[in-house]
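Engineer: Structure file input_0.cif, mmCIF, C-alpha atoms and all ligand atoms, is pasted below:
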```cif
data_upload
loop_
_atom_site.label_atom_id
_atom_site.label_comp_id
_atom_site.auth_asym_id
_atom_site.auth_seq_id
_atom_site.Cartn_x
_atom_site.Cartn_y
_atom_site.Cartn_z
CA ARG A 1 -25.55 25.63 -2.31
CA THR A 2 -22.98 24.53 0.26
CA ARG A 3 -20.46 21.84 -0.56
CA VAL A 4 -19.48 19.63 2.36
CA LEU A 5 -16.53 17.26 1.92
CA THR A 6 -14.60 14.86 4.13
CA GLY A 7 -12.46 11.73 3.95
CA ILE A 8 -11.07 8.95 6.10
CA THR A 9 -7.63 7.35 5.64
CA THR A 10 -7.91 3.67 4.80
CA THR A 11 -5.35 2.20 7.18
CA GLY A 12 -7.57 0.43 9.67
CA THR A 13 -11.03 -0.24 10.85
CA PRO A 14 -13.21 2.75 11.78
CA HIS A 15 -13.36 3.65 15.47
CA LEU A 16 -15.70 5.74 17.59
CA GLY A 17 -13.51 8.83 17.07
CA ASN A 18 -13.92 8.60 13.29
CA TYR A 19 -17.64 8.10 13.73
CA ALA A 20 -18.36 10.91 16.20
CA GLY A 21 -15.75 13.32 14.81
CA ALA A 22 -16.42 12.91 11.10
CA ILE A 23 -18.95 10.32 9.90
CA ARG A 24 -21.89 11.33 12.08
CA PRO A 25 -21.69 15.12 11.52
CA ALA A 26 -20.95 14.60 7.81
CA ILE A 27 -24.01 12.40 7.28
CA ALA A 28 -26.19 14.83 9.24
CA ALA A 29 -24.98 17.65 6.97
CA SER A 30 -25.59 15.57 3.83
CA ARG A 31 -29.29 15.31 4.70
CA ARG A 32 -29.81 19.06 4.48
CA GLU A 33 -31.57 20.25 1.35
CA ASP A 34 -29.06 23.03 0.60
CA VAL A 35 -25.99 20.77 0.84
CA ASP A 36 -24.04 18.86 -1.81
CA ALA A 37 -21.91 16.29 -0.02
CA PHE A 38 -18.63 14.61 -1.08
CA PHE A 39 -17.35 11.77 1.11
CA PHE A 40 -14.41 9.60 0.20
CA MET A 41 -11.90 6.94 1.20
CA ALA A 42 -8.46 8.57 1.40
CA ASP A 43 -6.59 5.56 0.05
CA TYR A 44 -3.64 7.48 -1.42
CA HIS A 45 -3.11 8.90 2.06
CA ALA A 46 -3.12 5.33 3.38
CA LEU A 47 0.04 4.53 1.39
CA ILE A 48 1.90 7.10 3.47
CA LYS A 49 1.22 5.09 6.61
CA SER A 50 1.06 1.51 5.35
CA ASP A 51 2.90 -0.60 2.80
CA ASP A 52 0.73 -3.63 3.51
CA PRO A 53 -1.50 -4.10 0.42
CA ALA A 54 -3.92 -6.51 2.11
CA ARG A 55 -4.45 -4.10 5.00
CA VAL A 56 -5.09 -1.12 2.73
CA ALA A 57 -7.47 -3.12 0.52
CA ARG A 58 -9.43 -4.49 3.48
CA SER A 59 -9.64 -1.09 5.12
CA ARG A 60 -11.00 0.52 1.93
CA LEU A 61 -13.86 -1.97 1.94
CA GLU A 62 -14.50 -1.67 5.68
CA ILE A 63 -14.58 2.09 5.63
CA ALA A 64 -16.88 2.17 2.59
CA ALA A 65 -19.25 -0.32 4.25
CA SER A 66 -19.13 1.74 7.45
CA TRP A 67 -20.17 4.96 5.75
CA LEU A 68 -23.09 3.20 4.10
CA ALA A 69 -24.10 1.37 7.30
CA CYS A 70 -24.09 4.69 9.18
CA GLY A 71 -26.69 6.05 6.80
CA LEU A 72 -24.86 7.60 3.84
CA ASP A 73 -27.30 7.73 0.92
CA PRO A 74 -25.28 7.25 -2.30
CA GLU A 75 -28.09 8.87 -4.30
CA ARG A 76 -27.63 12.12 -2.40
CA VAL A 77 -23.90 11.97 -1.68
CA THR A 78 -21.00 11.76 -4.11
CA PHE A 79 -19.20 8.82 -2.49
CA TYR A 80 -15.88 7.65 -3.95
CA ARG A 81 -12.32 6.47 -3.52
CA GLN A 82 -9.62 9.12 -3.80
CA SER A 83 -7.53 6.80 -6.00
CA ASP A 84 -10.35 6.60 -8.58
CA ILE A 85 -9.99 10.33 -9.26
CA PRO A 86 -6.77 10.92 -11.26
CA GLU A 87 -7.39 14.67 -11.13
CA ILE A 88 -6.49 14.61 -7.43
CA PRO A 89 -2.82 13.64 -7.85
CA GLU A 90 -2.70 15.88 -10.93
CA LEU A 91 -3.88 18.85 -8.92
CA THR A 92 -1.51 17.86 -6.11
CA TRP A 93 1.41 18.62 -8.44
CA LEU A 94 0.11 22.06 -9.42
CA LEU A 95 -0.37 22.86 -5.75
CA THR A 96 3.05 21.45 -4.82
CA CYS A 97 4.64 23.99 -7.13
CA VAL A 98 3.10 26.95 -5.28
CA THR A 99 3.53 25.55 -1.75
CA ALA A 100 6.37 26.92 0.34
CA LYS A 101 8.62 24.19 1.69
CA GLY A 102 8.63 26.12 4.97
CA LEU A 103 4.88 25.63 5.29
CA LEU A 104 5.29 21.84 5.12
CA ASN A 105 8.19 21.96 7.60
CA ARG A 106 5.62 23.06 10.18
CA ALA A 107 3.13 20.23 9.64
CA HIS A 108 2.48 18.39 12.93
CA ALA A 109 2.79 14.83 11.60
CA TYR A 110 6.09 15.51 9.85
CA LYS A 111 7.46 17.49 12.79
CA ALA A 112 6.49 14.75 15.24
CA ALA A 113 8.40 12.18 13.17
CA VAL A 114 11.49 14.40 13.06
CA ASP A 115 11.27 15.20 16.78
CA ARG A 116 11.11 11.50 17.61
CA ASN A 117 14.26 10.90 15.58
CA VAL A 118 16.09 13.77 17.25
CA GLU A 119 15.12 12.51 20.69
CA THR A 120 16.47 9.05 19.96
CA GLY A 121 19.67 10.45 18.43
CA GLU A 122 18.83 9.30 14.89
CA ASP A 123 19.27 11.26 11.69
CA PRO A 124 16.35 13.75 11.79
CA ASP A 125 14.86 12.46 8.53
CA ALA A 126 15.37 8.75 9.20
CA GLY A 127 12.37 6.79 7.98
CA VAL A 128 10.56 9.96 6.89
CA THR A 129 9.22 9.64 3.34
CA ALA A 130 8.51 12.47 0.94
CA GLY A 131 4.93 11.16 1.09
CA LEU A 132 4.62 12.07 4.75
CA TYR A 133 6.10 15.47 4.00
CA MET A 134 3.62 16.06 1.15
CA TYR A 135 0.60 14.81 3.10
CA PRO A 136 -0.97 18.29 3.54
CA VAL A 137 -0.70 19.09 -0.18
CA LEU A 138 -2.50 15.90 -1.20
CA MET A 139 -5.19 16.72 1.35
CA ALA A 140 -5.49 20.26 0.00
CA ALA A 141 -6.03 18.80 -3.49
CA ASP A 142 -8.81 16.54 -2.13
CA ILE A 143 -10.64 19.58 -0.86
CA LEU A 144 -9.84 22.18 -3.51
CA ALA A 145 -10.64 19.93 -6.49
CA PHE A 146 -14.27 20.08 -5.41
CA ASP A 147 -14.37 23.65 -4.09
CA ALA A 148 -15.61 22.44 -0.72
CA HIS A 149 -16.98 25.14 1.58
CA LYS A 150 -17.17 23.06 4.77
CA VAL A 151 -15.03 20.17 5.96
CA PRO A 152 -16.35 18.23 8.99
CA VAL A 153 -13.37 16.76 10.87
CA GLY A 154 -11.98 16.22 14.36
CA ARG A 155 -9.67 18.76 15.94
CA ASP A 156 -6.51 16.91 14.83
CA GLN A 157 -7.18 18.02 11.23
CA ILE A 158 -7.40 21.79 11.86
CA GLN A 159 -3.83 22.46 10.82
CA HIS A 160 -4.35 20.58 7.55
CA LEU A 161 -7.38 22.74 6.82
CA GLU A 162 -5.41 25.90 7.53
CA MET A 163 -2.73 24.72 5.14
CA ALA A 164 -5.32 23.98 2.45
CA ARG A 165 -6.56 27.56 2.79
CA ASP A 166 -3.00 28.93 2.62
CA ILE A 167 -2.25 26.90 -0.49
CA ALA A 168 -5.52 27.93 -2.16
CA GLN A 169 -4.87 31.58 -1.42
CA ARG A 170 -1.36 31.35 -2.76
CA PHE A 171 -2.55 29.76 -6.01
CA ASN A 172 -5.37 32.30 -6.41
CA HIS A 173 -2.90 35.11 -5.82
CA ILE A 174 -0.23 33.87 -8.21
CA TYR A 175 -2.62 33.12 -11.07
CA GLY A 176 -4.69 36.21 -10.39
CA GLU A 177 -8.17 34.78 -10.11
CA ASP A 178 -10.35 33.06 -7.48
CA PHE A 179 -9.79 29.58 -8.81
CA PHE A 180 -10.44 27.95 -5.46
CA VAL A 181 -13.00 28.37 -2.70
CA LEU A 182 -11.31 28.80 0.70
CA PRO A 183 -12.55 25.83 2.76
CA GLU A 184 -13.72 26.14 6.35
CA VAL A 185 -13.33 23.56 9.06
CA GLN A 186 -16.51 22.31 10.76
CA ILE A 187 -15.95 20.97 14.26
CA GLU A 188 -18.38 19.75 16.89
CA GLU A 189 -16.92 20.98 20.15
CA GLN A 190 -18.33 18.06 22.21
CA VAL A 191 -16.49 15.45 20.18
CA ALA A 192 -13.64 17.44 18.68
CA THR A 193 -11.14 15.11 20.35
CA LEU A 194 -12.76 11.92 21.53
CA PRO A 195 -10.54 10.21 24.12
CA GLY A 196 -9.45 6.59 23.75
CA LEU A 197 -9.10 3.80 26.32
CA ASP A 198 -6.10 5.44 27.99
CA GLY A 199 -7.50 9.00 28.03
CA ARG A 200 -5.29 10.22 25.19
CA LYS A 201 -6.89 11.09 21.82
CA MET A 202 -8.50 7.98 20.35
CA SER A 203 -6.16 7.08 17.52
CA LYS A 204 -5.07 4.11 15.45
CA SER A 205 -1.46 5.09 16.14
CA TYR A 206 -1.93 4.92 19.94
CA ASP A 207 -3.67 1.55 19.75
CA ASN A 208 -6.31 2.83 22.18
CA THR A 209 -9.39 2.75 19.97
CA ILE A 210 -12.91 1.49 20.53
CA PRO A 211 -13.96 -0.18 17.26
CA LEU A 212 -17.21 0.97 15.69
CA PHE A 213 -18.23 -2.39 14.21
CA ALA A 214 -15.26 -4.78 14.18
CA GLY A 215 -15.64 -7.71 16.54
CA GLY A 216 -19.32 -7.09 17.18
CA ALA A 217 -21.00 -6.32 20.50
CA ARG A 218 -18.45 -8.45 22.32
CA ALA A 219 -15.44 -6.41 21.20
CA LEU A 220 -17.34 -3.21 21.98
CA ARG A 221 -18.09 -4.39 25.51
CA GLU A 222 -14.51 -5.59 26.08
CA ALA A 223 -13.13 -2.25 24.93
CA VAL A 224 -15.52 -0.25 27.14
CA MET A 225 -14.56 -2.39 30.14
CA ARG A 226 -10.87 -1.58 29.48
CA ILE A 227 -11.33 2.22 29.65
CA VAL A 228 -8.87 3.47 32.25
CA THR A 229 -10.50 4.95 35.36
CA ASP A 230 -9.09 6.28 38.63
CA SER A 231 -9.08 4.26 41.83
CA ARG A 232 -12.19 5.71 43.43
CA LEU A 233 -14.39 3.07 44.95
CA PRO A 234 -18.14 2.53 44.57
CA GLY A 235 -19.95 5.16 46.66
CA GLU A 236 -17.11 7.66 46.33
CA PRO A 237 -17.94 10.74 44.20
CA LYS A 238 -16.25 10.73 40.76
CA ASP A 239 -15.06 13.78 38.83
CA PRO A 240 -16.84 13.70 35.43
CA GLU A 241 -14.59 16.35 33.87
CA SER A 242 -11.46 14.27 34.32
CA SER A 243 -13.06 11.04 33.16
CA SER A 244 -12.92 9.84 29.55
CA LEU A 245 -15.89 7.62 30.34
CA TYR A 246 -18.00 10.71 30.85
CA THR A 247 -16.61 12.44 27.75
CA LEU A 248 -17.49 9.38 25.69
CA TYR A 249 -20.95 9.18 27.23
CA ARG A 250 -21.63 12.84 26.51
CA ALA A 251 -20.60 12.42 22.87
CA PHE A 252 -23.40 9.89 22.35
CA ALA A 253 -26.16 10.90 24.80
CA SER A 254 -28.78 13.64 24.73
CA ASP A 255 -28.02 16.63 26.97
CA THR A 256 -30.58 15.44 29.52
CA ASP A 257 -29.15 11.92 29.69
CA ALA A 258 -25.60 13.26 29.92
CA ALA A 259 -26.61 15.51 32.84
CA ALA A 260 -28.24 12.56 34.62
CA PHE A 261 -25.10 10.43 34.09
CA ARG A 262 -22.99 13.25 35.42
CA SER A 263 -24.96 13.53 38.67
CA ALA A 264 -24.92 9.76 39.08
CA LEU A 265 -21.09 9.84 38.88
CA GLU A 266 -20.93 12.71 41.31
CA SER A 267 -23.08 10.82 43.77
CA GLY A 268 -20.93 7.73 43.71
CA LEU A 269 -21.98 5.47 40.81
CA SER A 270 -19.35 2.71 40.59
CA TRP A 271 -17.03 2.62 37.59
CA GLY A 272 -18.37 -0.84 36.79
CA GLU A 273 -21.92 0.46 36.61
CA ALA A 274 -20.79 3.51 34.65
CA LYS A 275 -19.09 1.28 32.08
CA GLN A 276 -22.19 -0.85 31.75
CA ALA A 277 -24.27 2.32 31.17
CA LEU A 278 -21.85 3.53 28.51
CA PHE A 279 -21.89 0.14 26.79
CA ASP A 280 -25.73 0.08 26.78
CA LEU A 281 -25.85 3.57 25.32
CA LEU A 282 -23.34 2.76 22.57
CA GLU A 283 -24.78 -0.64 21.75
CA GLY A 284 -28.28 0.85 21.42
CA GLN A 285 -27.04 3.19 18.70
CA ILE A 286 -24.52 0.92 17.03
CA ALA A 287 -26.44 -2.39 16.90
CA PRO A 288 -28.81 -1.43 14.04
CA MET A 289 -25.94 0.03 12.04
CA ARG A 290 -23.79 -3.03 12.72
CA GLU A 291 -26.49 -5.24 11.27
CA ARG A 292 -26.40 -3.23 8.03
CA TYR A 293 -22.59 -3.28 8.12
CA ASP A 294 -22.44 -7.07 8.36
CA ALA A 295 -24.80 -7.36 5.38
CA LEU A 296 -22.84 -4.81 3.31
CA ILE A 297 -19.38 -6.19 3.98
CA ALA A 298 -20.56 -9.50 2.52
CA GLN A 299 -21.42 -7.74 -0.79
CA PRO A 300 -18.19 -6.20 -2.11
CA ALA A 301 -19.56 -6.14 -5.67
CA HIS A 302 -22.48 -4.00 -4.55
CA ILE A 303 -20.10 -1.57 -2.80
CA GLU A 304 -17.82 -1.53 -5.83
CA ALA A 305 -20.75 -0.53 -8.07
CA ILE A 306 -21.68 2.32 -5.73
CA LEU A 307 -18.08 3.58 -5.69
CA GLN A 308 -17.73 3.38 -9.47
CA ASP A 309 -20.86 5.43 -9.79
CA GLY A 310 -19.50 7.89 -7.22
CA ALA A 311 -16.22 8.18 -9.12
CA ARG A 312 -18.16 9.08 -12.29
CA LYS A 313 -20.06 11.80 -10.45
CA ALA A 314 -16.90 13.14 -8.81
CA ARG A 315 -14.97 13.22 -12.08
CA ALA A 316 -17.80 15.08 -13.80
CA ILE A 317 -16.80 17.94 -11.48
CA ALA A 318 -13.05 17.40 -11.18
CA THR A 319 -12.28 16.92 -14.90
CA PRO A 320 -13.54 20.32 -16.15
CA LYS A 321 -12.07 21.97 -13.06
CA MET A 322 -8.67 20.47 -13.83
CA ALA A 323 -8.89 21.50 -17.49
CA ARG A 324 -9.43 25.08 -16.41
CA LEU A 325 -6.49 24.91 -14.03
CA ARG A 326 -4.21 23.44 -16.69
CA ASP A 327 -5.08 26.38 -18.92
CA ALA A 328 -4.48 28.81 -16.08
CA VAL A 329 -0.92 27.63 -15.47
CA GLY A 330 -0.02 27.42 -19.17
CA LEU A 331 -0.53 23.72 -19.82
CA GLY A 332 -3.55 24.06 -22.11
CA SER A 333 -3.50 22.94 -25.75
CA HIS A 334 -1.76 25.08 -28.41
CA VAL A 335 -4.92 25.82 -30.35
P1 LIG B 401 -8.25 10.05 9.78
O1 LIG B 401 -8.45 8.91 8.86
O2 LIG B 401 -7.11 9.99 10.74
O3 LIG B 401 -9.57 10.30 10.60
C1 LIG B 401 -10.83 10.44 9.95
C2 LIG B 401 -11.65 11.49 10.67
O4 LIG B 401 -11.88 11.08 12.02
C3 LIG B 401 -11.53 12.15 12.87
N1 LIG B 401 -11.00 11.62 14.14
C4 LIG B 401 -11.42 12.02 15.35
N2 LIG B 401 -12.35 12.91 15.73
C5 LIG B 401 -12.55 13.08 17.05
N3 LIG B 401 -11.86 12.40 18.00
C6 LIG B 401 -10.91 11.49 17.66
N4 LIG B 401 -10.24 10.82 18.60
C7 LIG B 401 -10.66 11.26 16.27
N5 LIG B 401 -9.80 10.46 15.58
C8 LIG B 401 -10.03 10.69 14.28
C9 LIG B 401 -10.44 12.92 12.14
O5 LIG B 401 -10.29 14.23 12.64
C10 LIG B 401 -10.96 12.87 10.73
O6 LIG B 401 -11.93 13.89 10.54
N6 LIG B 401 -6.13 13.43 6.77
C11 LIG B 401 -7.39 12.82 7.16
C12 LIG B 401 -8.13 12.20 5.99
C13 LIG B 401 -8.34 13.13 4.85
C14 LIG B 401 -9.25 14.20 4.77
C15 LIG B 401 -9.08 14.79 3.47
C16 LIG B 401 -10.20 14.72 5.66
C17 LIG B 401 -7.66 13.08 3.66
N7 LIG B 401 -8.10 14.08 2.83
C18 LIG B 401 -9.84 15.88 3.06
C19 LIG B 401 -10.97 15.82 5.22
C20 LIG B 401 -10.77 16.40 3.94
C21 LIG B 401 -7.12 11.72 8.17
O7 LIG B 401 -6.09 11.11 8.17
O8 LIG B 401 -8.17 11.41 8.96
#
```
Can I see the file as C-alpha cells?
Structural biologist:
Amino acid sequence: RTRVLTGITTTGTPHLGNYAGAIRPAIAASRREDVDAFFFMADYHALIKSDDPARVARSRLEIAASWLACGLDPERVTFYRQSDIPEIPELTWLLTCVTAKGLLNRAHAYKAAVDRNVETGEDPDAGVTAGLYMYPVLMAADILAFDAHKVPVGRDQIQHLEMARDIAQRFNHIYGEDFFVLPEVQIEEQVATLPGLDGRKMSKSYDNTIPLFAGGARALREAVMRIVTDSRLPGEPKDPESSSLYTLYRAFASDTDAAAFRSALESGLSWGEAKQALFDLLEGQIAPMRERYDALIAQPAHIEAILQDGARKARAIATPKMARLRDAVGLGSHV
C-alpha cells in the first residue's frame, strides 16, 4: 500500500494555493483504495513564524475545518495535529544529530532571511531563530515518522522534500539499515505555483492571497476583482500565458472550459468579464464546501474529537517506530 502524507502550517487562513496545491490533490489521493493517507496541521511549524497564541489557535481550528469541509473523510484518513504526536519532536532530535549543518545553511527560507539582513546592512543572523534554521529537520521528522511514500505539495516545498530524503539516507547509512522510506514529492504541474493577486506566488507572506472560505462569497469576489491585469481594453486581444487570471482559471476548470476561456481572452474578452467568469467558476466549486465549513467551525468540540481520534491512530504507528529507532541509536532499555 502507498502512504500519502501532507501538512499545512497553522499561521493563517487557508487560501486557494493551499487548496489547489495540497488539499485537493491530497484528498483525491486519499480516496484511492490502495492508499493510506496522513494529513495534519503543522502547528509546531507555526511557532517558527508566529508568536501570537490566539492566531495559532484560531488557524489550527480553521485549517482542520477546511480539510473536513473539502471532503476529508476521517474514517479513511489519519487526520491529526503535529503537536499531539510527541514522537515527532523526539525523532526531530535523532535526525538533527545526523544532519549536516551545511545542508541547513542552504535552505531557501533561512537563506532568504539572511540575504535580507545582508542587503539592509544588518547582522546576517538578526532576527533569525534556531527554529527557522531547523525547519527542514522538523518537516523531515513529520514525513519519516510515518514512512510516507508520496507527499503532495506545491513547488515551494520541493527543497524540503529533497532534504528529507537526504536526511533519511544519511540516517539509514549511519545505522546500517533501511529504517526510513525515501519520500517522493507529488506535484500537479498545472497548480504547482498558483499565482496570487499581484502575479507572484500566492503566499501568506506576500499578503496577496485569495481566501478559500474566510469572508464568504463577498471576500472571494472582492479578491478576484483585485487581481492585477494589464491595461488592455475590452475588445483588445489578451495574452493568456502572461495572465494570472488565466492560470487561476485553468487550475479550477476542465480542459475544455479552460480552452474556451483562453480563446475568449484571445478574442478580446474584457478583464471585467474575465474576472466575473473566474468568480463564477470558483464560487460554484467553493460554495458547497463553504456551507460545510461554516457548520464545522461552529462545532470545535466535534473537530477536537476527530483530531484526538486521529492522534491515537497516528501514535499507534509512530510509537513503535520510535521505539525501534531508540534501540537503533543505543537508547533502548538495558535489559
Ligand atoms: P504551507 O502551510 O506554506 O502550505 C501548505 C501547502 O500549500 C502549498 N501551497 C501552494 N501550492 C501552490 N501554489 C501556491 N501559491 C501555494 N502556496 C502554498 C504548499 O506547497 C504546501 O503544500 N512546510 C509546509 C508544511 C509542512 C509539510 C510537512 C508539508 C510541514 N510538515 C510535511 C508536507 C509534509 C508549509 O509550510 O506549507
Engineer: To test the calculation: enclose all listed atoms of ligand LIG 401 (chain B) in a box whose edges run along x, y and z, add 6 Å on each side, then state centre and edge lengths in Å to one decimal, as JSON.
Structural biologist:
```
{"center_x": -9.3, "center_y": 12.7, "center_z": 10.7, "size_x": 18.5, "size_y": 19.5, "size_z": 27.8}
```
Engineer: Per residue of chain A within 8 Å of ligand LIG 401 (chain B), what are the shortest atom pair and its distance in Å to one decimal, counting only C-alpha atoms and all ligand atoms, with rows by chain and residue number, as a tab-separated table?
Structural biologist:
```
residue	atom	partner	partner_atom	distance
A:Leu5	CA	B:LIG401	C20	6.2
A:Thr6	CA	B:LIG401	C19	3.9
A:Gly7	CA	B:LIG401	C16	4.1
A:Ile8	CA	B:LIG401	O1	3.8
A:Thr9	CA	B:LIG401	O1	3.7
A:Thr10	CA	B:LIG401	O1	6.7
A:Thr11	CA	B:LIG401	O1	7.6
A:His15	CA	B:LIG401	N5	7.7
A:Leu16	CA	B:LIG401	C6	7.5
A:Gly17	CA	B:LIG401	C6	3.8
A:Asn18	CA	B:LIG401	O4	3.5
A:Tyr19	CA	B:LIG401	O4	6.7
A:Ala20	CA	B:LIG401	C5	6.3
A:Gly21	CA	B:LIG401	N2	3.5
A:Ala22	CA	B:LIG401	O6	4.6
A:Ile23	CA	B:LIG401	O4	7.4
A:Met41	CA	B:LIG401	C17	7.9
A:Ala42	CA	B:LIG401	C17	5.1
A:His45	CA	B:LIG401	C17	6.4
A:Tyr135	CA	B:LIG401	N6	7.8
A:Pro136	CA	B:LIG401	N6	7.8
A:Leu138	CA	B:LIG401	N7	7.1
A:Met139	CA	B:LIG401	N7	4.2
A:Ala140	CA	B:LIG401	C18	6.9
A:Asp142	CA	B:LIG401	C18	5.3
A:Ile143	CA	B:LIG401	C18	5.4
A:Val151	CA	B:LIG401	C19	6.0
A:Pro152	CA	B:LIG401	O6	6.4
A:Val153	CA	B:LIG401	O6	3.2
A:Gly154	CA	B:LIG401	O5	3.1
A:Arg155	CA	B:LIG401	O5	5.6
A:Asp156	CA	B:LIG401	O5	5.1
A:Gln157	CA	B:LIG401	O5	5.1
A:His160	CA	B:LIG401	N6	7.4
A:Leu161	CA	B:LIG401	C20	7.7
A:Val191	CA	B:LIG401	C5	5.6
A:Ala192	CA	B:LIG401	C5	4.8
A:Thr193	CA	B:LIG401	N3	3.7
A:Leu194	CA	B:LIG401	N3	3.7
A:Pro195	CA	B:LIG401	N4	5.6
A:Gly196	CA	B:LIG401	N4	6.7
A:Lys201	CA	B:LIG401	N4	4.7
A:Met202	CA	B:LIG401	N4	3.8
A:Ser203	CA	B:LIG401	N5	5.3
A:Lys204	CA	B:LIG401	O2	7.8
```
Engineer: Using only C-alpha atoms, find the one residue out of A:Ala130, A:Val4, A:Ala311, A:Ala109 that sits nearest to Phe38 in chain A.
Structural biologist: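 Among A:Ala130, A:Val4, A:Ala311, A:Ala109, it is A:Val4 that comes nearest to Phe38 in chain A.
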Engineer: What is the CA of Leu331 in chain A-CA of Asn105 in chain A distance in Å, reported with one decimal?
Structural biologist: 28.8 Å
Engineer: Could you name the residues that touch Ala112 in chain A at 12 Å or less, counting all atoms listed in the file, but leaving out those on the same chain fewer than 3 positions away, as a PyMOL selection string?
Structural biologist: chain A and resi 105-109+115-119+124-125+128+132-133
Engineer: Might you pull out every residue within 10 Å of Gly235 in chain A, with only C-alpha atoms counted and same-chain residues fewer than 4 positions away left off, and present them as an MDAnalysis selection string?
Structural biologist: chainID A and resid 265:271
Engineer: Those residues with C-alpha atoms, as a short mmCIF file (atom, residue, chain, number, x, y, z; two decimals), in the frame of the given file please?
Structural biologist:
```cif
data_model
loop_
_atom_site.label_atom_id
_atom_site.label_comp_id
_atom_site.auth_asym_id
_atom_site.auth_seq_id
_atom_site.Cartn_x
_atom_site.Cartn_y
_atom_site.Cartn_z
CA LEU A 265 -21.09 9.84 38.88
CA GLU A 266 -20.93 12.71 41.31
CA SER A 267 -23.08 10.82 43.77
CA GLY A 268 -20.93 7.73 43.71
CA LEU A 269 -21.98 5.47 40.81
CA SER A 270 -19.35 2.71 40.59
CA TRP A 271 -17.03 2.62 37.59
#
```
Engineer: Select, from A:Ala214, A:Val228, A:Val181, A:Ala264, the residue with the minimum atom-to-atom distance to Gly199 in chain A, counting only C-alpha atoms.
Structural biologist: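 Closest to Gly199 in chain A of all the choices is A:Val228.
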